[in-house]
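As structure tokens, the structure follows; a few thoughts come after it.
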Amino acid sequence: MSVLPIITWPDVRLQTECAAVEAIGPEIEQLVGDMFETMYTAPGRGLAASQVGVMRRLFVMDATWKEGDMNPLVCINPSIVPLSDARSTNEEACLSIVGVSADVSRPNEIELSYTGLNGKRVTAVIEGFAAVCAQHEMDHLDGRVIFDHLGAPERAALEAKYKEII
Ligand code: NI
């Protein structure tokens, strides 16, 4: 396994929708291993394939490892259905937008469906920080980032701040 370079905003690949993973084989297995190594090294709680330049619908996450509880999750061709009208706002950071964070509002509870590395389709109801993390990574697969959740003035201010940092 190796640590891959993480591409950063405003790279156009972070603004581009990813295509489905068509077959799970050695290449995808290797990519997943490298993505976990990259995510844990960064260190982060989630990483989408597009963030390492692979334009496929795949992300890895581990919402709890920083608290000492490892829960690695591989989501291939994921889909998300919001289950609650209730939303919460969390300060979200992104490994591709280093140095700034944004307050992002999302549904509290979601149904997450995905194919695992074993090829089996799984559906799970998740909430809390794991739901935030999954929705953030899902956004990447659709070419969306934290900036896209902000109103125009807030976005302009945060992008300006980011440009000063990079
Ligand atoms: Ni991100």
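Ordering of the structure tokens sets the chain letters (A, B, ...); residue numbers start at 1 within each chain; ligands are numbered from 1 in the order shown.
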
- Compile the contact shell of segment 44-50 of chain A as a VMD selection string: residues with an atom at most 10 Å away, counting only C-alpha atoms, same-chain residues fewer than 5 positions apart removed. chain A and resid 6 to 7 13 to 18 31 to 32 35 to 36 38 to 39 55 to 66 72 to 76 93 to 96 130 133 to 134 136 to 143

Can you tell me which residues surround Thr89 of chain A at a distance of at most 12 Å, considering only C-alpha atoms, apart from same-chain residues fewer than 2 positions away, and format the answer as a CSV table (one decimal) with N, CA, C and O atoms, in the first residue's frame?
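Saved file out39.csv follows:
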chain,number,residue,atom,x,y,z
A,86,ALA,N,-35.1,16.4,9.9
A,86,ALA,CA,-34.2,17.1,10.8
A,86,ALA,C,-32.8,17.2,10.2
A,86,ALA,O,-32.3,16.3,9.6
A,87,ARG,N,-32.3,18.4,10.3
A,87,ARG,CA,-30.9,18.6,9.8
A,87,ARG,C,-30.1,19.2,10.9
A,87,ARG,O,-30.6,19.7,11.9
A,91,GLU,N,-19.3,21.8,11.4
A,91,GLU,CA,-18.2,22.4,10.7
A,91,GLU,C,-17.4,21.3,10.0
A,91,GLU,O,-17.0,20.4,10.6
A,92,GLU,N,-17.3,21.4,8.7
A,92,GLU,CA,-16.7,20.4,7.9
A,92,GLU,C,-15.4,20.9,7.3
A,92,GLU,O,-15.3,22.0,6.7
A,102,ALA,N,-16.1,24.9,6.7
A,102,ALA,CA,-17.4,25.5,6.4
A,102,ALA,C,-18.5,24.9,7.2
A,102,ALA,O,-18.5,23.7,7.5
A,103,ASP,N,-19.5,25.7,7.7
A,103,ASP,CA,-20.6,25.2,8.3
A,103,ASP,C,-21.6,24.6,7.3
A,103,ASP,O,-22.1,25.4,6.5
A,104,VAL,N,-21.8,23.3,7.3
A,104,VAL,CA,-22.6,22.7,6.3
A,104,VAL,C,-23.9,22.0,7.0
A,104,VAL,O,-23.7,21.3,8.0
A,105,SER,N,-25.0,22.3,6.4
A,105,SER,CA,-26.3,21.7,6.9
A,105,SER,C,-26.7,20.5,6.1
A,105,SER,O,-26.7,20.5,4.9
A,106,ARG,N,-26.9,19.4,6.8
A,106,ARG,CA,-27.3,18.1,6.2
A,106,ARG,C,-28.3,17.4,7.0
A,106,ARG,O,-28.4,17.6,8.2
A,107,PRO,N,-29.1,16.5,6.3
A,107,PRO,CA,-30.0,15.6,7.1
A,107,PRO,C,-29.3,14.8,8.1
A,107,PRO,O,-28.2,14.3,7.9
A,108,ASN,N,-30.0,14.6,9.3
A,108,ASN,CA,-29.3,13.9,10.4
A,108,ASN,C,-29.2,12.4,10.1
A,108,ASN,O,-28.2,11.8,10.5
A,128,GLY,N,-25.7,10.8,12.8
A,128,GLY,CA,-24.5,11.4,13.5
A,128,GLY,C,-23.4,11.7,12.6
A,128,GLY,O,-23.6,11.9,11.4
A,129,PHE,N,-22.2,11.6,13.2
A,129,PHE,CA,-21.0,12.0,12.4
A,129,PHE,C,-20.8,11.1,11.2
A,129,PHE,O,-20.3,11.6,10.2
A,132,VAL,N,-22.7,12.5,8.4
A,132,VAL,CA,-22.1,13.7,7.9
A,132,VAL,C,-21.0,13.3,6.9
A,132,VAL,O,-20.9,13.8,5.8
A,149,HIS,N,-22.2,24.3,-0.6
A,149,HIS,CA,-23.3,24.4,0.3
A,149,HIS,C,-23.5,25.8,0.9
A,149,HIS,O,-24.4,26.0,1.7
A,150,LEU,N,-22.7,26.7,0.5
A,150,LEU,CA,-22.8,28.1,1.0
A,150,LEU,C,-23.5,29.0,0.1
A,150,LEU,O,-23.6,28.8,-1.1

_Sel. of strand (DSSP E or B) residues, chain A, as a ChimeraX atom specification_ = /A:19,46-48,56,58-61,73-82,87-92,102-107,109-115,121-127

Worksheet item: Can you tell me how far atom CA of Ala23 of chain A sits from atom CA of Gln51 of chain A, in Å to one decimal?
Response: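 Spanning atom CA of Ala23 of chain A to atom CA of Gln51 of chain A is a straight-line distance of 20.1 Å.
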
Go ahead and compute the interatomic distance for atom CA of Gly99 of chain A and atom CA of Leu158 of chain A, in Å to one decimal.
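Separation between atom CA of Gly99 of chain A and atom CA of Leu158 of chain A: 10.4 Å.
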
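Proximity of A:Ser84, A:Ile28, A:Ile97, A:Asn77 to ligand 1, computed with only C-alpha atoms and all ligand atoms, is greatest for A:Ile97.
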
Taken to one decimal, the atom CA of Ser101 of chain A-atom CA of Ile166 of chain A distance is 13.9 Å

Please return, as a PyMOL selection string, all residues of chain A that DSSP assigns to helix (DSSP H, G or I) on the basis of the backbone. chain A and resi 12-15+26-41+49-52+65-67+128-141+146-149+152-165

Ligand 1 proximity check over A:Ala124, A:Leu4, A:Ile146, A:Val21, using only C-alpha atoms and all ligand atoms: winner is A:Ile146

Q | Residue with smallest distance to ligand 1 - pool A:Ile126, A:Ala131, A:Met1, A:Val145, counting only C-alpha atoms and all ligand atoms | A |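 The closest residue to ligand 1 is A:Val145.
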
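The shortest atom-to-atom distance to ligand 1, with only C-alpha atoms and all ligand atoms taken into account, belongs to A:Arg144 out of A:Arg121, A:Ser79, A:Glu67, A:Arg144.
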
Identify which of the residues A:Ala42, A:Val81, A:Ala152, A:Leu112 lies closest to ligand 1, counting only C-alpha atoms and all ligand atoms when measuring atom-to-atom distances.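 Comparing A:Ala42, A:Val81, A:Ala152, A:Leu112 against ligand 1, the winner is A:Ala42.
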
**Message:** I need the residue nearest ligand 1 from this list: A:Met70, A:Leu83, A:Ala156, A:Val52. Use only C-alpha atoms and all ligand atoms for the distance.
**Reply:**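 Smallest distance to ligand 1 is found for A:Val52.
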